[in-house]
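S.K.: What follows is data30.cif, made up of mmCIF, C-alpha atoms and all ligand atoms:
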```cif
data_upload
loop_
_atom_site.group_PDB
_atom_site.id
_atom_site.type_symbol
_atom_site.label_atom_id
_atom_site.label_comp_id
_atom_site.auth_asym_id
_atom_site.auth_seq_id
_atom_site.Cartn_x
_atom_site.Cartn_y
_atom_site.Cartn_z
ATOM 1 C CA MET A 250 -11.887 -15.234 12.283
ATOM 2 C CA THR A 251 -11.659 -18.952 13.238
ATOM 3 C CA GLU A 252 -11.367 -19.454 16.999
ATOM 4 C CA ARG A 253 -8.023 -20.846 18.156
ATOM 5 C CA LYS A 254 -6.780 -21.451 21.649
ATOM 6 C CA LYS A 255 -4.203 -18.912 22.780
ATOM 7 C CA MET A 256 -0.678 -20.348 22.744
ATOM 8 C CA THR A 257 1.001 -20.065 26.135
ATOM 9 C CA LEU A 258 4.337 -21.219 27.515
ATOM 10 C CA PRO A 259 2.689 -24.363 29.013
ATOM 11 C CA SER A 260 0.990 -25.180 25.683
ATOM 12 C CA LEU A 261 4.268 -24.694 23.772
ATOM 13 C CA PHE A 262 6.160 -26.934 26.204
ATOM 14 C CA ALA A 263 3.316 -29.496 26.063
ATOM 15 C CA LYS A 264 3.780 -29.715 22.283
ATOM 16 C CA VAL A 265 7.529 -30.114 22.734
ATOM 17 C CA ALA A 266 6.992 -32.865 25.329
ATOM 18 C CA ALA A 267 4.595 -34.629 22.942
ATOM 19 C CA GLY A 268 7.263 -34.529 20.210
ATOM 20 C CA GLN A 269 5.222 -32.188 18.003
ATOM 21 C CA PRO A 270 7.464 -29.752 16.083
ATOM 22 C CA LEU A 271 6.685 -26.079 16.672
ATOM 23 C CA THR A 272 6.000 -23.787 13.719
ATOM 24 C CA MET A 273 7.362 -20.246 13.762
ATOM 25 C CA LEU A 274 7.302 -17.505 11.112
ATOM 26 C CA THR A 275 8.217 -13.860 10.904
ATOM 27 C CA CYS A 276 5.389 -11.394 10.419
ATOM 28 C CA TYR A 277 5.250 -7.611 10.297
ATOM 29 C CA ASP A 278 1.680 -6.513 9.491
ATOM 30 C CA TYR A 279 -1.992 -7.110 10.280
ATOM 31 C CA SER A 280 -3.160 -8.824 7.082
ATOM 32 C CA THR A 281 -0.284 -11.325 7.039
ATOM 33 C CA ALA A 282 -0.821 -11.986 10.750
ATOM 34 C CA TYR A 283 -4.458 -12.773 9.966
ATOM 35 C CA LEU A 284 -3.344 -15.418 7.415
ATOM 36 C CA GLN A 285 -0.849 -16.882 9.909
ATOM 37 C CA GLU A 286 -3.572 -17.011 12.562
ATOM 38 C CA GLN A 287 -5.788 -18.984 10.168
ATOM 39 C CA ALA A 288 -2.904 -21.336 9.308
ATOM 40 C CA GLY A 289 -2.375 -22.104 13.005
ATOM 41 C CA ILE A 290 1.229 -20.895 13.294
ATOM 42 C CA ASP A 291 2.382 -21.498 16.886
ATOM 43 C CA ILE A 292 4.956 -18.699 17.280
ATOM 44 C CA VAL A 293 5.018 -15.424 15.372
ATOM 45 C CA LEU A 294 8.170 -13.308 15.404
ATOM 46 C CA VAL A 295 8.020 -9.606 14.684
ATOM 47 C CA GLY A 296 11.662 -9.566 13.647
ATOM 48 C CA ASP A 297 13.837 -6.498 13.243
ATOM 49 C CA SER A 298 14.324 -7.941 9.752
ATOM 50 C CA LEU A 299 11.344 -5.669 9.072
ATOM 51 C CA GLY A 300 13.994 -3.012 8.561
ATOM 52 C CA MET A 301 14.880 -4.793 5.318
ATOM 53 C CA THR A 302 11.597 -6.421 4.277
ATOM 54 C CA MET A 303 9.219 -3.575 5.151
ATOM 55 C CA LEU A 304 11.308 -0.412 5.429
ATOM 56 C CA GLY A 305 13.885 -1.028 2.685
ATOM 57 C CA TYR A 306 17.061 -0.532 4.757
ATOM 58 C CA GLU A 307 20.211 -2.469 3.821
ATOM 59 C CA GLY A 308 20.250 -4.169 7.241
ATOM 60 C CA THR A 309 18.576 -4.207 10.644
ATOM 61 C CA LEU A 310 20.653 -1.624 12.519
ATOM 62 C CA PRO A 311 18.542 1.488 11.757
ATOM 63 C CA VAL A 312 15.363 -0.107 13.179
ATOM 64 C CA THR A 313 14.014 1.704 16.258
ATOM 65 C CA MET A 314 11.861 0.624 19.199
ATOM 66 C CA ASP A 315 9.029 2.774 17.832
ATOM 67 C CA ASP A 316 9.216 0.939 14.464
ATOM 68 C CA MET A 317 9.062 -2.386 16.291
ATOM 69 C CA ILE A 318 6.169 -1.423 18.562
ATOM 70 C CA ARG A 319 4.014 -0.148 15.701
ATOM 71 C CA HIS A 320 4.492 -3.340 13.667
ATOM 72 C CA ALA A 321 4.179 -5.690 16.662
ATOM 73 C CA ALA A 322 0.891 -4.093 17.731
ATOM 74 C CA ALA A 323 -0.489 -4.525 14.196
ATOM 75 C CA VAL A 324 0.569 -8.186 14.179
ATOM 76 C CA ARG A 325 -1.063 -8.762 17.581
ATOM 77 C CA ARG A 326 -4.346 -7.428 16.177
ATOM 78 C CA GLY A 327 -4.124 -9.969 13.338
ATOM 79 C CA THR A 328 -3.131 -12.963 15.436
ATOM 80 C CA PRO A 329 -4.644 -12.997 18.885
ATOM 81 C CA SER A 330 -3.708 -16.677 19.419
ATOM 82 C CA ALA A 331 -0.081 -17.111 18.373
ATOM 83 C CA TRP A 332 2.740 -16.783 20.903
ATOM 84 C CA LEU A 333 4.015 -13.348 19.871
ATOM 85 C CA VAL A 334 7.739 -12.576 20.023
ATOM 86 C CA GLY A 335 8.976 -8.980 19.914
ATOM 87 C CA ASP A 336 12.515 -8.763 18.547
ATOM 88 C CA MET A 337 14.619 -6.263 20.474
ATOM 89 C CA PRO A 338 16.267 -3.931 17.952
ATOM 90 C CA TYR A 339 19.875 -2.770 17.881
ATOM 91 C CA MET A 340 20.911 -0.768 20.974
ATOM 92 C CA SER A 341 17.580 -1.324 22.727
ATOM 93 C CA TYR A 342 19.225 -3.785 25.164
ATOM 94 C CA GLN A 343 22.999 -3.769 24.622
ATOM 95 C CA PRO A 344 23.789 -0.563 26.596
ATOM 96 C CA SER A 345 22.454 -1.679 30.004
ATOM 97 C CA VAL A 346 20.208 -4.042 31.927
ATOM 98 C CA GLU A 347 17.891 -1.147 32.655
ATOM 99 C CA SER A 348 17.463 -0.251 28.976
ATOM 100 C CA ALA A 349 16.806 -3.927 28.245
ATOM 101 C CA ILE A 350 14.079 -4.212 30.898
ATOM 102 C CA ARG A 351 12.417 -0.914 29.915
ATOM 103 C CA ASN A 352 12.322 -1.775 26.216
ATOM 104 C CA ALA A 353 11.204 -5.368 26.819
ATOM 105 C CA GLY A 354 8.404 -3.884 28.928
ATOM 106 C CA ARG A 355 7.326 -1.683 26.009
ATOM 107 C CA PHE A 356 6.855 -4.773 23.810
ATOM 108 C CA MET A 357 4.565 -6.265 26.456
ATOM 109 C CA ALA A 358 2.622 -3.148 27.491
ATOM 110 C CA GLU A 359 2.326 -1.282 24.180
ATOM 111 C CA ALA A 360 2.244 -4.092 21.600
ATOM 112 C CA GLY A 361 0.724 -7.024 23.496
ATOM 113 C CA CYS A 362 3.709 -9.325 22.910
ATOM 114 C CA ASP A 363 4.103 -12.533 24.931
ATOM 115 C CA CYS A 364 7.894 -12.380 25.138
ATOM 116 C CA VAL A 365 10.982 -10.764 23.641
ATOM 117 C CA LYS A 366 13.948 -12.111 21.699
ATOM 118 C CA LEU A 367 17.471 -10.765 21.864
ATOM 119 C CA GLU A 368 20.746 -11.681 20.191
ATOM 120 C CA GLY A 369 23.890 -12.841 21.968
ATOM 121 C CA GLY A 370 25.272 -15.393 24.424
ATOM 122 C CA THR A 371 27.222 -15.048 27.680
ATOM 123 C CA GLU A 372 27.807 -11.318 27.117
ATOM 124 C CA MET A 373 24.023 -10.750 27.297
ATOM 125 C CA LEU A 374 23.314 -12.878 30.390
ATOM 126 C CA PRO A 375 22.766 -9.874 32.721
ATOM 127 C CA GLN A 376 20.176 -8.492 30.294
ATOM 128 C CA VAL A 377 18.456 -11.888 29.901
ATOM 129 C CA ALA A 378 18.356 -12.482 33.660
ATOM 130 C CA GLY A 379 17.121 -8.921 34.310
ATOM 131 C CA ILE A 380 14.260 -9.168 31.813
ATOM 132 C CA VAL A 381 13.275 -12.605 33.154
ATOM 133 C CA ARG A 382 13.338 -11.206 36.711
ATOM 134 C CA ALA A 383 10.937 -8.499 35.520
ATOM 135 C CA GLY A 384 8.497 -11.282 34.600
ATOM 136 C CA ILE A 385 9.043 -11.172 30.841
ATOM 137 C CA PRO A 386 9.885 -14.411 29.003
ATOM 138 C CA VAL A 387 13.027 -14.258 26.841
ATOM 139 C CA MET A 388 14.031 -16.171 23.711
ATOM 140 C CA GLY A 389 17.777 -16.181 23.029
ATOM 141 C CA HIS A 390 19.281 -15.976 19.526
ATOM 142 C CA LEU A 391 22.663 -17.571 18.685
ATOM 143 C CA GLY A 392 24.665 -18.443 15.572
ATOM 144 C CA LEU A 393 24.267 -15.832 12.869
ATOM 145 C CA THR A 394 23.097 -12.791 14.803
ATOM 146 C CA PRO A 395 22.396 -10.088 12.203
ATOM 147 C CA GLN A 396 22.929 -7.157 14.572
ATOM 148 C CA SER A 397 26.599 -8.262 14.858
ATOM 149 C CA VAL A 398 27.026 -9.110 11.185
ATOM 150 C CA SER A 399 29.942 -6.751 10.842
ATOM 151 C CA ALA A 400 31.853 -8.459 13.683
ATOM 152 C CA LEU A 401 30.894 -11.906 12.332
ATOM 153 C CA GLY A 402 32.338 -11.097 8.903
ATOM 154 C CA GLY A 403 29.102 -11.303 6.912
ATOM 155 C CA PHE A 404 25.998 -13.484 6.576
ATOM 156 C CA ARG A 405 27.663 -16.882 6.910
ATOM 157 C CA VAL A 406 27.244 -20.180 8.761
ATOM 158 C CA GLN A 407 28.420 -19.960 12.389
ATOM 159 C CA GLY A 408 30.017 -22.816 14.356
ATOM 160 C CA LYS A 409 31.569 -24.857 11.552
ATOM 161 C CA GLY A 410 34.790 -25.290 13.528
ATOM 162 C CA ALA A 411 34.836 -27.156 16.856
ATOM 163 C CA GLU A 412 35.979 -24.178 18.940
ATOM 164 C CA GLN A 413 33.353 -21.794 17.572
ATOM 165 C CA ALA A 414 30.714 -24.549 17.925
ATOM 166 C CA ARG A 415 31.740 -25.120 21.563
ATOM 167 C CA LYS A 416 31.068 -21.438 22.280
ATOM 168 C CA ILE A 417 27.567 -21.746 20.776
ATOM 169 C CA VAL A 418 26.848 -24.922 22.803
ATOM 170 C CA GLU A 419 28.023 -23.204 25.991
ATOM 171 C CA ASP A 420 26.102 -20.018 25.196
ATOM 172 C CA ALA A 421 22.891 -22.019 24.726
ATOM 173 C CA ARG A 422 23.356 -23.653 28.134
ATOM 174 C CA ALA A 423 24.155 -20.290 29.742
ATOM 175 C CA LEU A 424 21.053 -18.644 28.232
ATOM 176 C CA GLU A 425 18.937 -21.491 29.572
ATOM 177 C CA GLU A 426 20.486 -21.104 33.026
ATOM 178 C CA ALA A 427 19.808 -17.346 32.936
ATOM 179 C CA GLY A 428 16.125 -18.177 32.407
ATOM 180 C CA ALA A 429 15.601 -18.078 28.629
ATOM 181 C CA PHE A 430 12.630 -20.325 27.738
ATOM 182 C CA ALA A 431 13.908 -20.936 24.193
ATOM 183 C CA VAL A 432 16.944 -20.416 21.987
ATOM 184 C CA LEU A 433 16.829 -19.693 18.277
ATOM 185 C CA LEU A 434 19.800 -21.078 16.337
ATOM 186 C CA GLU A 435 20.350 -19.294 13.036
ATOM 187 C CA MET A 436 22.656 -20.818 10.398
ATOM 188 C CA VAL A 437 24.394 -23.270 12.708
ATOM 189 C CA PRO A 438 25.465 -26.717 11.383
ATOM 190 C CA ASP A 439 22.730 -29.336 11.846
ATOM 191 C CA ARG A 440 24.864 -31.543 14.109
ATOM 192 C CA VAL A 441 25.601 -28.655 16.447
ATOM 193 C CA CYS A 442 21.890 -27.836 16.549
ATOM 194 C CA GLU A 443 21.101 -31.482 17.325
ATOM 195 C CA LEU A 444 23.633 -31.525 20.188
ATOM 196 C CA ILE A 445 22.153 -28.364 21.681
ATOM 197 C CA THR A 446 18.603 -29.698 21.300
ATOM 198 C CA ASN A 447 19.535 -32.940 23.052
ATOM 199 C CA ARG A 448 21.279 -31.089 25.874
ATOM 200 C CA SER A 449 18.449 -28.581 26.491
ATOM 201 C CA ARG A 450 16.605 -29.105 29.783
ATOM 202 C CA THR A 451 14.298 -26.184 30.520
ATOM 203 C CA SER A 452 14.313 -24.469 27.121
ATOM 204 C CA PHE A 453 13.330 -25.491 23.620
ATOM 205 C CA ILE A 454 15.357 -24.930 20.465
ATOM 206 C CA ILE A 455 14.173 -23.336 17.228
ATOM 207 C CA SER A 456 16.119 -23.804 13.993
ATOM 208 C CA LEU A 457 16.504 -21.263 11.222
ATOM 209 C CA GLY A 458 18.650 -22.957 8.613
ATOM 210 C CA SER A 459 20.143 -25.186 11.322
ATOM 211 C CA GLY A 460 18.558 -28.473 10.325
ATOM 212 C CA PRO A 461 15.642 -30.652 11.351
ATOM 213 C CA ARG A 462 16.781 -31.756 14.814
ATOM 214 C CA ALA A 463 15.348 -28.867 16.789
ATOM 215 C CA HIS A 464 12.051 -28.555 18.642
ATOM 216 C CA GLY A 465 10.728 -26.167 16.020
ATOM 217 C CA GLN A 466 11.398 -24.454 12.704
ATOM 218 C CA LEU A 467 11.470 -20.777 11.732
ATOM 219 C CA LEU A 468 11.298 -19.270 8.262
ATOM 220 C CA ILE A 469 11.324 -15.667 7.139
ATOM 221 C CA TYR A 470 7.884 -15.078 5.619
ATOM 222 C CA HIS A 471 9.198 -12.901 2.769
ATOM 223 C CA ASP A 472 11.655 -15.647 1.725
ATOM 224 C CA MET A 473 8.883 -18.309 1.714
ATOM 225 C CA PHE A 474 6.809 -16.344 -0.756
ATOM 226 C CA GLY A 475 9.378 -14.617 -2.968
ATOM 227 C CA LEU A 476 8.535 -11.199 -1.546
ATOM 228 C CA TYR A 477 12.052 -9.875 -0.875
ATOM 229 C CA PRO A 478 13.763 -8.785 -4.074
ATOM 230 C CA ARG A 479 17.374 -8.266 -2.941
ATOM 231 C CA PHE A 480 18.498 -11.819 -2.136
ATOM 232 C CA LYS A 481 17.238 -15.310 -1.353
ATOM 233 C CA PRO A 482 19.112 -17.171 1.391
ATOM 234 C CA ARG A 483 20.020 -20.783 0.558
ATOM 235 C CA MET A 484 18.180 -22.085 3.613
ATOM 236 C CA ALA A 485 14.863 -20.540 2.563
ATOM 237 C CA LYS A 486 12.263 -22.690 0.810
ATOM 238 C CA LEU A 487 9.950 -21.016 -1.701
ATOM 239 C CA TYR A 488 6.457 -22.330 -0.863
ATOM 240 C CA ALA A 489 4.732 -20.136 -3.456
ATOM 241 C CA ASP A 490 6.042 -17.406 -5.730
ATOM 242 C CA ALA A 491 3.646 -14.716 -4.541
ATOM 243 C CA GLY A 492 6.132 -12.064 -5.646
ATOM 244 C CA LYS A 493 5.732 -13.264 -9.260
ATOM 245 C CA VAL A 494 1.928 -13.546 -8.958
ATOM 246 C CA ILE A 495 1.726 -9.975 -7.661
ATOM 247 C CA GLY A 496 4.194 -8.739 -10.305
ATOM 248 C CA ASP A 497 2.076 -10.333 -13.066
ATOM 249 C CA GLY A 498 -1.065 -8.763 -11.574
ATOM 250 C CA LEU A 499 0.540 -5.321 -11.497
ATOM 251 C CA ALA A 500 1.666 -5.615 -15.122
ATOM 252 C CA ALA A 501 -1.885 -6.678 -16.141
ATOM 253 C CA TYR A 502 -3.350 -3.676 -14.283
ATOM 254 C CA VAL A 503 -0.972 -1.253 -16.004
ATOM 255 C CA GLY A 504 -1.836 -2.794 -19.393
ATOM 256 C CA GLU A 505 -5.620 -2.723 -18.814
ATOM 257 C CA VAL A 506 -5.653 0.901 -17.654
ATOM 258 C CA GLN A 507 -3.525 1.940 -20.619
ATOM 259 C CA GLU A 508 -5.824 0.083 -23.049
ATOM 260 C CA GLY A 509 -9.055 1.376 -21.469
ATOM 261 C CA MET A 510 -10.048 -2.137 -20.281
ATOM 262 C CA PHE A 511 -10.207 -1.095 -16.640
ATOM 263 C CA PRO A 512 -12.513 -0.123 -15.020
ATOM 264 C CA GLN A 513 -15.591 -2.070 -16.171
ATOM 265 C CA PRO A 514 -19.129 -1.222 -14.871
ATOM 266 C CA GLU A 515 -18.780 -3.700 -11.987
ATOM 267 C CA ASN A 516 -15.748 -1.721 -10.772
ATOM 268 C CA TYR A 517 -17.459 1.641 -10.244
ATOM 269 C CA PHE A 518 -20.651 3.293 -9.031
ATOM 270 C CA GLY A 519 -23.385 4.971 -11.100
ATOM 271 C CA MET A 520 -26.017 7.626 -10.385
ATOM 272 C CA ALA A 521 -29.765 7.548 -11.211
ATOM 273 C CA ASP A 522 -30.807 9.684 -14.251
ATOM 274 C CA GLU A 523 -33.144 11.812 -12.121
ATOM 275 C CA ALA A 524 -30.450 12.705 -9.584
ATOM 276 C CA TYR A 525 -27.964 13.383 -12.365
ATOM 277 C CA GLU A 526 -30.352 15.767 -14.179
ATOM 278 C CA GLU A 527 -31.062 17.533 -10.883
ATOM 279 C CA LEU A 528 -27.307 17.852 -10.261
ATOM 280 C CA ARG A 529 -26.801 19.430 -13.715
ATOM 281 C CA ARG A 530 -29.614 21.864 -13.028
ATOM 282 C CA LEU A 531 -28.083 22.761 -9.642
ATOM 283 C CA ILE A 532 -24.669 23.532 -11.089
ATOM 284 C CA GLY A 533 -26.110 25.337 -14.123
ATOM 285 C CA GLU A 534 -24.956 22.931 -16.854
HETATM 286 O O1 LIG A 601 14.692 -10.231 12.614
HETATM 287 C C1 LIG A 601 14.446 -11.413 12.359
HETATM 288 O O2 LIG A 601 13.582 -11.747 11.546
HETATM 289 C C2 LIG A 601 15.237 -12.413 13.039
HETATM 290 C C3 LIG A 601 15.378 -13.706 12.347
HETATM 291 C C4 LIG A 601 16.414 -13.594 11.286
HETATM 292 C C5 LIG A 601 15.677 -14.778 13.301
HETATM 293 O O3 LIG A 601 15.800 -12.145 14.053
#
```
Would you write out, as structure tokens, the structure that this file holds?
Ligand code: KIV
M.R.:
Amino acid sequence: MTERKKMTLPSLFAKVAAGQPLTMLTCYDYSTAYLQEQAGIDIVLVGDSLGMTMLGYEGTLPVTMDDMIRHAAAVRRGTPSAWLVGDMPYMSYQPSVESAIRNAGRFMAEAGCDCVKLEGGTEMLPQVAGIVRAGIPVMGHLGLTPQSVSALGGFRVQGKGAEQARKIVEDARALEEAGAFAVLLEMVPDRVCELITNRSRTSFIISLGSGPRAHGQLLIYHDMFGLYPRFKPRMAKLYADAGKVIGDGLAAYVGEVQEGMFPQPENYFGMADEAYEELRRLIGE
């Protein structure tokens, strides 16, 4: 594995201060984390979107802390250098500050994460402040927050109207004041994202489908590579159609096995004549 320097909060903020955009991707397993490590991704998010991309649920709500810990630990093993974000799943932090601190602590102690992310604005300030007080960095998440998709009325842009946008702007400021080191804005209009970025003082802003005027960009790995079959969000960019490449490979494998073309001698292991004859003698053939 190529040696990289470990990303830390000071090194992330140094990049921001130098005007270098931060790169952030979702990741859920060891081998993909290895590729992201090699590519030099700054921030890796083990998102509860793994409920959909890895576990096949319709949404993120069934994902448990144990699911998250297992995947986050695997990702840590693949990317020792990236700043690793553990995404707090549904009902792991909403019920109380204590549950939030305990579960954030599990991400750090059991999975080796560097911080946690949780969804919500002013209503989650006690949880954010409590986790920060426990010495765990927190990334906020505003705009489209999938755990509240039912209340939000579906997967749609948030903050198109001035009043709703004002709430997002105020929430971002409140999260910062509660100690969040960063805020992720998902599916917020670009101008709202730009305003929030310009107004941020002690936090940096990451955009997911919220335009270029943030301190960094996030994409969902499965959307980048055509690996999620159910839908493709408009904001996603397909960097390579790995889903098609793999599909073609699978079809070729099925065809070759059916036609007796696979395996060839280089794909299996032989046995010396002498040993084979001895084996036949031993089993009475
Ligand atoms: O779970 C996840 O991947 C996320 C992103 C959608 C931001 O929270």
S.K.: Ligand LIG 601 (chain A): which residues are within 10 Å, counting only C-alpha atoms and all ligand atoms, as a ChimeraX atom specification?
M.R.: /A:273-277,294-302,308-309,335-338,366-368,390-396,433-436,455-458,467-471
S.K.: Store the residues of this selection in a file with C-alpha atoms, as an mmCIF file, in the coordinates of the input.
M.R.:
```
data_model
loop_
_atom_site.group_PDB
_atom_site.id
_atom_site.type_symbol
_atom_site.label_atom_id
_atom_site.label_comp_id
_atom_site.auth_asym_id
_atom_site.auth_seq_id
_atom_site.Cartn_x
_atom_site.Cartn_y
_atom_site.Cartn_z
ATOM 1 C CA MET A 273 7.362 -20.246 13.762
ATOM 2 C CA LEU A 274 7.302 -17.505 11.112
ATOM 3 C CA THR A 275 8.217 -13.860 10.904
ATOM 4 C CA CYS A 276 5.389 -11.394 10.419
ATOM 5 C CA TYR A 277 5.250 -7.611 10.297
ATOM 6 C CA LEU A 294 8.170 -13.308 15.404
ATOM 7 C CA VAL A 295 8.020 -9.606 14.684
ATOM 8 C CA GLY A 296 11.662 -9.566 13.647
ATOM 9 C CA ASP A 297 13.837 -6.498 13.243
ATOM 10 C CA SER A 298 14.324 -7.941 9.752
ATOM 11 C CA LEU A 299 11.344 -5.669 9.072
ATOM 12 C CA GLY A 300 13.994 -3.012 8.561
ATOM 13 C CA MET A 301 14.880 -4.793 5.318
ATOM 14 C CA THR A 302 11.597 -6.421 4.277
ATOM 15 C CA GLY A 308 20.250 -4.169 7.241
ATOM 16 C CA THR A 309 18.576 -4.207 10.644
ATOM 17 C CA GLY A 335 8.976 -8.980 19.914
ATOM 18 C CA ASP A 336 12.515 -8.763 18.547
ATOM 19 C CA MET A 337 14.619 -6.263 20.474
ATOM 20 C CA PRO A 338 16.267 -3.931 17.952
ATOM 21 C CA LYS A 366 13.948 -12.111 21.699
ATOM 22 C CA LEU A 367 17.471 -10.765 21.864
ATOM 23 C CA GLU A 368 20.746 -11.681 20.191
ATOM 24 C CA HIS A 390 19.281 -15.976 19.526
ATOM 25 C CA LEU A 391 22.663 -17.571 18.685
ATOM 26 C CA GLY A 392 24.665 -18.443 15.572
ATOM 27 C CA LEU A 393 24.267 -15.832 12.869
ATOM 28 C CA THR A 394 23.097 -12.791 14.803
ATOM 29 C CA PRO A 395 22.396 -10.088 12.203
ATOM 30 C CA GLN A 396 22.929 -7.157 14.572
ATOM 31 C CA LEU A 433 16.829 -19.693 18.277
ATOM 32 C CA LEU A 434 19.800 -21.078 16.337
ATOM 33 C CA GLU A 435 20.350 -19.294 13.036
ATOM 34 C CA MET A 436 22.656 -20.818 10.398
ATOM 35 C CA ILE A 455 14.173 -23.336 17.228
ATOM 36 C CA SER A 456 16.119 -23.804 13.993
ATOM 37 C CA LEU A 457 16.504 -21.263 11.222
ATOM 38 C CA GLY A 458 18.650 -22.957 8.613
ATOM 39 C CA LEU A 467 11.470 -20.777 11.732
ATOM 40 C CA LEU A 468 11.298 -19.270 8.262
ATOM 41 C CA ILE A 469 11.324 -15.667 7.139
ATOM 42 C CA TYR A 470 7.884 -15.078 5.619
ATOM 43 C CA HIS A 471 9.198 -12.901 2.769
#
```
S.K.: So, with all atoms listed in the file as the atoms that count, which of A:Gly519, A:Gly504, A:Gly379, A:Gly509 lies closest to Gly354 (chain A)?
M.R.: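 Under the stated criterion, the closest residue is A:Gly379.
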S.K.: Measuring between all atoms listed in the file, which one of A:Phe262, A:Phe480, A:Tyr306, A:Phe430 shows the shortest distance to Val334 (chain A)?
M.R.: A:Phe430
S.K.: Which is closest to Glu347 (chain A) among A:Val418, A:Ile380, A:Val441, A:Val293, if we use only C-alpha atoms?
M.R.: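 Nearest to Glu347 (chain A): A:Ile380.
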S.K.: Looking at only C-alpha atoms, which of A:Pro482, A:Gly268, A:Pro329, A:Pro461 is the one that sits closest to Met256 (chain A)?
M.R.: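 Closest candidate: A:Pro329.
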S.K.: Which residues are close to Leu271 (chain A), i.e. within 10 Å by only C-alpha atoms, leaving aside same-chain residues fewer than 2 positions away? Reply as a list in words.
M.R.: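 Once the nearby chain positions are removed, what remains is Leu261, Phe262, Lys264, Val265, Gly268, Gln269, Met273, Ile290, Asp291, Ile292, Phe453, Ile454, Ile455, Ala463, His464, Gly465, Gln466 and Leu467 of chain A.
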S.K.: Considering only C-alpha atoms, can you say which of A:Ala349, A:Met510, A:Leu401, A:Leu284 comes closest to Arg326 (chain A)?
M.R.: A:Leu284
S.K.: Given the file above and the PyMOL selection byres (((chain A and resi 490) around 9) and not hetatm), which residues are selected, and can you give them as a PyMOL selection string?
M.R.: chain A and resi 473-476+487-489+491-495
S.K.: What's the separation between CA of Arg529 (chain A) and CA of Phe511 (chain A), in Å to one decimal place?
M.R.: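 About the pair CA of Arg529 (chain A) and CA of Phe511 (chain A): they are 26.6 Å apart.
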S.K.: Emit as lines of an AutoDock Vina configuration file the padded axis-aligned box for all listed atoms of region 369-373 of chain A, 6 Å per side, with centre and edge lengths in Å to one decimal.
M.R.:
```
center_x = 25.8
center_y = -13.1
center_z = 24.8
size_x = 15.9
size_y = 16.6
size_z = 17.7
```
S.K.: Pick out the closest residue to Val437 (chain A) from this set: A:Ala353, A:Val506, A:Ile417, A:Leu424. Count all atoms listed in the file.
M.R.: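 Closest to Val437 (chain A) of all the choices is A:Ile417.
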S.K.: Hey, can you check how far CA of Cys364 (chain A) sits from CA of Leu333 (chain A)?
M.R.: 6.6 Å
S.K.: Which residues come within 9 Å of Gly289 (chain A), counting all atoms listed in the file, excluding same-chain residues fewer than 5 positions away, as an MDAnalysis selection string?
M.R.: chainID A and resid 253 272 284 330:331
S.K.: Would you put the residues from that selection into a file with C-alpha atoms, as a tab-separated table (two decimals), in the frame of the given file?
M.R.:
```tsv
chain	number	residue	atom	x	y	z
A	253	ARG	CA	-8.02	-20.85	18.16
A	272	THR	CA	6.00	-23.79	13.72
A	284	LEU	CA	-3.34	-15.42	7.42
A	330	SER	CA	-3.71	-16.68	19.42
A	331	ALA	CA	-0.08	-17.11	18.37
```
S.K.: In Å, how far is it from CA of Asp472 (chain A) to CA of Ser280 (chain A)?
M.R.: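 Going from CA of Asp472 (chain A) over to CA of Ser280 (chain A) covers 17.2 Å.
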